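The structure file run28.cif is reproduced below (mmCIF, C-alpha atoms).
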```
data_target
loop_
_atom_site.label_atom_id
_atom_site.label_comp_id
_atom_site.auth_asym_id
_atom_site.auth_seq_id
_atom_site.Cartn_x
_atom_site.Cartn_y
_atom_site.Cartn_z
CA MET A 1 0.00 0.00 0.00
CA GLY A 2 2.80 2.41 0.92
CA LYS A 3 4.69 1.62 -2.26
CA THR A 4 1.57 2.18 -4.36
CA LEU A 5 0.89 5.53 -2.72
CA TRP A 6 4.49 6.63 -3.22
CA SER A 7 4.34 5.68 -6.89
CA PHE A 8 1.13 7.71 -7.31
CA VAL A 9 2.71 10.79 -5.68
CA VAL A 10 5.80 10.55 -7.91
CA PHE A 11 3.64 10.11 -11.02
CA THR A 12 1.48 13.12 -10.05
CA CYS A 13 4.52 15.30 -9.43
CA LEU A 14 5.85 14.42 -12.85
CA LEU A 15 2.54 15.29 -14.48
CA ILE A 16 2.15 18.73 -12.86
CA PRO A 17 5.13 20.35 -14.66
CA LEU A 18 3.91 18.84 -17.91
CA ALA A 19 0.45 20.30 -17.36
CA VAL A 20 1.90 23.73 -16.57
CA ALA A 21 4.21 23.59 -19.58
CA ASP A 22 1.29 22.54 -21.75
CA TRP A 23 -0.69 25.70 -20.81
CA ASN A 24 -0.40 28.21 -23.61
CA ILE A 25 -2.41 31.29 -24.53
CA LEU A 26 -2.47 30.00 -28.10
CA LYS A 27 -4.53 27.02 -26.92
CA LEU A 28 -7.11 29.09 -25.09
CA GLN A 29 -10.63 29.26 -26.45
CA THR A 30 -13.56 31.58 -25.85
CA GLN A 31 -16.77 30.27 -24.34
CA ASP A 32 -18.04 29.96 -27.90
CA GLY A 33 -15.13 27.71 -28.80
CA LEU A 34 -13.31 30.38 -30.82
CA LYS A 35 -9.57 29.79 -30.73
CA ILE A 36 -7.55 32.72 -29.40
CA SER A 37 -4.17 33.62 -30.86
CA LEU A 38 -1.61 35.55 -28.84
CA LYS A 39 -2.22 38.59 -31.05
CA ASN A 40 -5.98 38.31 -30.48
CA TYR A 41 -5.47 38.05 -26.73
CA CYS A 42 -3.10 41.03 -26.51
CA GLU A 43 -5.21 43.21 -28.78
CA SER A 44 -8.25 42.39 -26.66
CA TRP A 45 -6.29 43.22 -23.49
CA ARG A 46 -5.13 46.55 -24.96
CA MET A 47 -8.61 47.46 -26.16
CA ASN A 48 -10.24 46.67 -22.82
CA ALA A 49 -7.58 48.68 -21.00
CA GLU A 50 -8.37 51.63 -23.27
CA LEU A 51 -12.10 51.14 -22.67
CA HIS A 52 -11.47 51.26 -18.91
CA ASN A 53 -12.74 47.71 -18.45
CA ILE A 54 -9.29 46.69 -17.21
CA ARG A 55 -8.19 48.98 -14.38
CA ASP A 56 -5.51 49.33 -11.74
CA PHE A 57 -3.02 47.12 -13.57
CA GLN A 58 0.57 47.58 -12.40
CA VAL A 59 2.28 45.92 -15.34
CA VAL A 60 1.40 44.89 -18.87
CA PRO A 61 0.92 41.08 -19.08
CA GLU A 62 4.30 39.49 -19.77
CA GLU A 63 3.11 37.76 -22.92
CA CYS A 64 1.90 41.09 -24.36
CA THR A 65 4.87 43.39 -23.80
CA GLU A 66 6.24 42.84 -27.30
CA TYR A 67 2.82 43.47 -28.81
CA ILE A 68 2.33 46.68 -26.83
CA GLY A 69 5.79 47.85 -27.87
CA LYS A 70 4.97 47.31 -31.52
CA TYR A 71 1.67 49.13 -31.12
CA VAL A 72 3.07 52.33 -29.54
CA LYS A 73 5.67 52.49 -32.33
CA SER A 74 3.19 51.72 -35.09
CA THR A 75 1.29 53.69 -37.69
CA GLN A 76 -1.91 52.49 -36.02
CA TYR A 77 -0.97 54.25 -32.77
CA LYS A 78 -0.33 57.46 -34.71
CA VAL A 79 -3.61 57.12 -36.60
CA ASP A 80 -5.57 56.43 -33.40
CA SER A 81 -4.03 59.48 -31.75
CA GLN A 82 -4.52 61.68 -34.80
CA ARG A 83 -8.18 60.71 -35.02
CA ALA A 84 -8.72 61.77 -31.41
CA SER A 85 -7.11 65.13 -32.17
CA GLU A 86 -9.28 65.55 -35.27
CA GLU A 87 -12.39 64.86 -33.22
CA CYS A 88 -11.32 67.64 -30.84
CA LEU A 89 -11.32 70.09 -33.74
CA VAL A 90 -14.66 68.82 -35.08
CA TYR A 91 -16.17 69.40 -31.64
CA LEU A 92 -14.53 72.81 -31.32
CA SER A 93 -15.83 73.90 -34.75
CA THR A 94 -19.38 72.61 -34.38
CA SER A 95 -20.26 72.71 -30.69
CA CYS A 96 -18.23 75.43 -28.98
CA ASN A 97 -19.59 78.95 -28.87
CA LEU A 98 -16.28 80.62 -28.13
CA LYS A 99 -16.63 84.02 -26.49
CA LYS A 100 -13.08 85.05 -27.42
CA ASP A 101 -12.84 87.13 -24.27
CA GLY A 102 -9.71 85.46 -22.91
CA PHE A 103 -11.62 82.91 -20.82
CA ASP A 104 -12.22 80.13 -23.37
CA ALA A 105 -9.94 77.37 -22.08
CA TRP A 106 -8.71 73.91 -22.98
CA ILE A 107 -6.77 71.61 -20.63
CA PHE A 108 -3.96 69.29 -21.67
CA ASP A 109 -2.18 66.64 -19.65
CA ILE A 110 1.56 66.41 -20.44
CA ASP A 111 2.94 62.86 -20.31
CA ASP A 112 1.83 60.83 -23.33
CA THR A 113 -0.48 63.69 -24.24
CA LEU A 114 1.99 66.40 -25.26
CA LEU A 115 5.29 64.62 -24.57
CA SER A 116 5.96 60.94 -25.22
CA THR A 117 7.40 58.65 -22.54
CA VAL A 118 7.72 55.78 -25.01
CA PRO A 119 11.54 56.15 -25.09
CA TYR A 120 11.62 55.59 -21.32
CA TYR A 121 9.21 52.66 -21.39
CA LYS A 122 11.13 51.08 -24.25
CA ASN A 123 13.81 50.24 -21.70
CA ASN A 124 11.17 48.96 -19.27
CA LEU A 125 9.46 46.38 -21.49
CA TYR A 126 6.76 48.89 -22.54
CA GLY A 127 5.08 48.64 -19.15
CA GLY A 128 6.14 45.05 -18.47
CA LYS A 129 8.26 46.19 -15.52
CA LYS A 130 6.71 47.71 -12.42
CA LEU A 131 7.13 51.48 -12.43
CA ASN A 132 10.14 52.89 -10.63
CA VAL A 133 9.18 56.52 -9.93
CA THR A 134 12.76 57.57 -9.11
CA SER A 135 14.02 56.20 -12.42
CA LEU A 136 11.20 57.84 -14.36
CA GLU A 137 11.80 61.23 -12.75
CA GLU A 138 15.52 61.01 -13.47
CA TRP A 139 14.61 60.46 -17.13
CA MET A 140 12.18 63.40 -17.05
CA ARG A 141 14.87 65.68 -15.61
CA LYS A 142 16.96 65.17 -18.74
CA GLY A 143 14.23 66.91 -20.74
CA ASN A 144 14.54 64.76 -23.85
CA ALA A 145 10.95 63.56 -24.24
CA PRO A 146 9.82 64.04 -27.86
CA ALA A 147 6.63 65.83 -28.80
CA LEU A 148 3.60 63.88 -29.97
CA ASP A 149 3.13 65.42 -33.42
CA HIS A 150 -0.68 65.15 -33.50
CA SER A 151 -0.91 66.88 -30.11
CA LEU A 152 1.45 69.66 -31.14
CA LYS A 153 -0.71 70.39 -34.17
CA LEU A 154 -3.88 70.40 -32.06
CA TYR A 155 -2.21 72.60 -29.44
CA ASN A 156 -1.18 75.17 -32.04
CA GLU A 157 -4.58 75.11 -33.75
CA LEU A 158 -6.40 75.77 -30.48
CA LYS A 159 -4.00 78.56 -29.65
CA SER A 160 -4.54 80.14 -33.09
CA ARG A 161 -8.29 80.22 -32.41
CA GLY A 162 -7.82 82.24 -29.24
CA VAL A 163 -8.32 79.34 -26.81
CA GLN A 164 -6.33 79.63 -23.57
CA ILE A 165 -4.13 76.59 -23.10
CA ILE A 166 -3.83 75.27 -19.53
CA LEU A 167 -1.48 72.40 -18.73
CA VAL A 168 -2.29 70.26 -15.70
CA THR A 169 0.25 67.55 -15.00
CA SER A 170 0.75 64.98 -12.27
CA ARG A 171 4.49 65.68 -12.45
CA LYS A 172 5.80 67.07 -9.17
CA GLU A 173 6.77 70.69 -8.64
CA HIS A 174 10.50 69.91 -8.53
CA LEU A 175 10.27 68.91 -12.21
CA ARG A 176 8.88 72.28 -13.28
CA SER A 177 12.05 73.74 -14.80
CA ALA A 178 13.05 70.57 -16.67
CA THR A 179 9.51 70.09 -17.95
CA ILE A 180 9.12 73.65 -19.21
CA ASP A 181 12.51 73.48 -20.95
CA ASN A 182 11.48 70.19 -22.58
CA LEU A 183 8.12 71.56 -23.75
CA VAL A 184 9.65 74.68 -25.28
CA LYS A 185 12.46 72.70 -26.91
CA VAL A 186 10.02 70.54 -28.87
CA GLY A 187 7.70 73.38 -29.89
CA TYR A 188 5.16 74.01 -27.13
CA TYR A 189 4.92 77.58 -25.91
CA GLY A 190 2.36 80.30 -25.21
CA TRP A 191 0.29 78.44 -22.63
CA THR A 192 -1.71 80.49 -20.13
CA LYS A 193 -0.98 78.39 -17.06
CA ILE A 194 0.90 75.23 -16.11
CA VAL A 195 0.09 73.39 -12.87
CA PHE A 196 2.32 70.83 -11.12
CA ARG A 197 1.66 68.74 -8.02
CA ASP A 198 3.05 70.33 -4.88
CA PRO A 199 3.80 68.46 -1.62
CA ALA A 200 0.39 69.43 -0.23
CA ASN A 201 -1.50 67.29 -2.77
CA GLU A 202 0.98 64.51 -3.53
CA LEU A 203 -0.90 62.04 -1.33
CA VAL A 204 -4.34 62.47 -2.94
CA SER A 205 -5.36 60.55 -6.04
CA VAL A 206 -4.53 62.00 -9.44
CA GLN A 207 -8.24 62.22 -10.24
CA LYS A 208 -8.99 64.28 -7.12
CA TYR A 209 -5.94 66.49 -7.65
CA LYS A 210 -6.93 67.27 -11.25
CA SER A 211 -10.59 67.75 -10.34
CA ASP A 212 -9.57 70.25 -7.65
CA VAL A 213 -7.42 72.12 -10.19
CA ARG A 214 -10.36 72.28 -12.62
CA ARG A 215 -12.56 73.71 -9.88
CA GLN A 216 -9.99 76.40 -9.21
CA ILE A 217 -9.72 77.21 -12.93
CA ILE A 218 -13.50 77.54 -13.22
CA ASN A 219 -13.58 79.74 -10.11
CA GLU A 220 -11.12 82.03 -11.87
CA GLY A 221 -13.73 82.54 -14.58
CA TYR A 222 -12.49 80.19 -17.30
CA ARG A 223 -14.85 78.10 -19.43
CA ILE A 224 -13.26 74.68 -19.91
CA TRP A 225 -14.44 73.58 -23.34
CA GLY A 226 -12.40 70.39 -23.41
CA ILE A 227 -9.69 68.22 -21.90
CA VAL A 228 -7.19 65.92 -23.59
CA GLY A 229 -5.37 63.25 -21.61
CA ASP A 230 -4.10 59.70 -21.87
CA GLN A 231 -5.51 58.55 -18.50
CA TYR A 232 -9.10 58.48 -17.29
CA SER A 233 -7.93 60.06 -14.05
CA SER A 234 -7.01 63.15 -16.08
CA ILE A 235 -10.44 63.57 -17.64
CA GLU A 236 -12.94 62.22 -15.09
CA GLY A 237 -14.28 63.75 -11.91
CA ILE A 238 -16.31 66.79 -10.87
CA PRO A 239 -16.40 69.46 -12.16
CA ASN A 240 -16.68 67.82 -15.56
CA PRO A 241 -15.46 69.52 -18.71
CA ARG A 242 -17.93 69.96 -21.54
CA ARG A 243 -16.05 67.26 -23.45
CA ALA A 244 -13.13 64.98 -22.68
CA PHE A 245 -10.92 63.21 -25.21
CA LYS A 246 -8.65 60.29 -24.34
CA LEU A 247 -5.50 59.45 -26.24
CA PRO A 248 -4.36 55.81 -26.43
CA ASN A 249 -1.87 54.58 -23.85
CA PRO A 250 -1.75 50.88 -22.94
CA MET A 251 1.63 51.05 -21.16
CA TYR A 252 0.48 52.07 -17.67
CA TYR A 253 -2.50 53.00 -15.54
CA VAL A 254 -2.72 56.03 -13.23
CA ALA A 255 -5.63 56.29 -10.79
#
```
Now, as a test, write the supplied structure out as structure tokens.
Amino acid sequence: MGKTLWSFVVFTCLLIPLAVADWNILKLQTQDGLKISLKNYCESWRMNAELHNIRDFQVVPEECTEYIGKYVKSTQYKVDSQRASEECLVYLSTSCNLKKDGFDAWIFDIDDTLLSTVPYYKNNLYGGKKLNVTSLEEWMRKGNAPALDHSLKLYNELKSRGVQIILVTSRKEHLRSATIDNLVKVGYYGWTKIVFRDPANELVSVQKYKSDVRRQIINEGYRIWGIVGDQYSSIEGIPNPRRAFKLPNPMYYVA
């Protein structure tokens, strides 16, 4: 009896690694029996992250880091971003009754809205590694983030129409000088106001911080016609803007 039990345990232990090794995303199926490829799985993950169905993720799934990297460097990423910018202008032209009195305003986030952090995340598996804030801020201090071309065009078009540009970033106050130098270097200038997080609000959520800033801006008399950001925490919360536009960013999630 003891020998039989021992043989069963050994056999089971041998089978477990085989079963684990046999698991593969390529062999998964939907409830309808539809076979899922790795590309299908990663595209579905990316899309549901963008739709805010997947939240609070700390890293991109390991099997999808290569796919996410290809996406943020692809023509599709540029087209997706450009379309969002075009929709901003359609809305501005058809639905905004600009007063042109110096109080028509539009809010922009900075990271992955005006400036791209893709070069930083390239060395961090495109979100596959858990964020190291110290490392990211050291990269930001160098001031070498490139502009997102579609956002620069939108920024300049809004400015040319007399809209006041207000930048609200979750970057900390100690990055102000490096950030401003970076923005100007790649072509952004002429904003009305730029707001950074100070020590007093570093412990609150990004959504609350940005909502509080919007309330202050409205109290100053500005009409916020729209917001552009790459995170829902940048565009949600009360007071709401008249319209909010989200740019694609599957590399990280900020609450």
Notebook entry, point to check: So which one's closest to Lys210 (chain A), A:Ile238, A:Ala178, A:Val184, A:Leu152? Using all atoms listed in the file, please.
Noted result: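 Closest to Lys210 (chain A), using all atoms listed in the file: A:Ile238.
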How big is the axis-aligned box around the listed atoms of region 246-251 of chain A once 5 Å is added on each side, and where is its centre? Give both in Å to one decimal, as AutoDock Vina command-line options.
```
--center_x -3.5 --center_y 55.6 --center_z -23.8 --size_x 20.3 --size_y 19.4 --size_z 15.3
```
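Put simply, CA of Leu92 (chain A) is 27.8 Å away from CA of Ala255 (chain A).
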Give as a PDB file with C-alpha atoms, in the frame of the given file the residues that the PyMOL selection byres ((chain A and resi 241) around 6) matches when applied to the coordinates above.
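Once everything was written out, this is result.pdb:
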```
ATOM      1  CA  ILE A 224     -13.260  74.680 -19.910  1.00  0.00           C
ATOM      2  CA  GLY A 226     -12.400  70.390 -23.410  1.00  0.00           C
ATOM      3  CA  ASN A 240     -16.680  67.820 -15.560  1.00  0.00           C
ATOM      4  CA  ARG A 242     -17.930  69.960 -21.540  1.00  0.00           C
ATOM      5  CA  ARG A 243     -16.050  67.260 -23.450  1.00  0.00           C
TER       6      ARG A 243
END
```
Next item on the list: Name the residues in contact with Asn124 (chain A) at a cut-off of 12 Å, using all atoms listed in the file, excluding same-chain residues fewer than 2 positions from it; report them as a ChimeraX atom specification.
Entry: /A:59-60,62,65-66,68-69,117-122,126-132,135-136,251-252
Checklist line | Selection result for the PyMOL selection byres ((chain A and resi 157-169) around 6) on this file, as a list in words | finding: Asp104, Ala105, Trp106, Ile107, Phe108, Asp109, Ile110, Leu154, Tyr155, Asn156, Ser170, Arg171, Trp191, Thr192, Lys193, Ile194, Val195 and Phe196 of chain A
Notebook entry, point to check: Just so the selection is clear, what residues does the PyMOL selection byres ((chain A and resi 201) around 12) cover here, as a list in words?
Noted result: Ser170, Arg171, Lys172, Glu173, Val195, Phe196, Arg197, Asp198, Pro199, Ala200, Glu202, Leu203, Val204, Ser205, Val206, Gln207, Lys208, Tyr209, Lys210, Ser211, Asp212 and Val213 of chain A
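If you look at CA of Cys64 (chain A) and CA of Ile36 (chain A), they are 13.6 Å away from each other.
CA of Lys70 (chain A) is positioned 27.1 Å from CA of Tyr188 (chain A).
Ranking A:Val254, A:Glu86, A:Gly221, A:Leu247 by their shortest atom-to-atom distance to Gly102 (chain A), with all atoms listed in the file included, puts A:Gly221 first.
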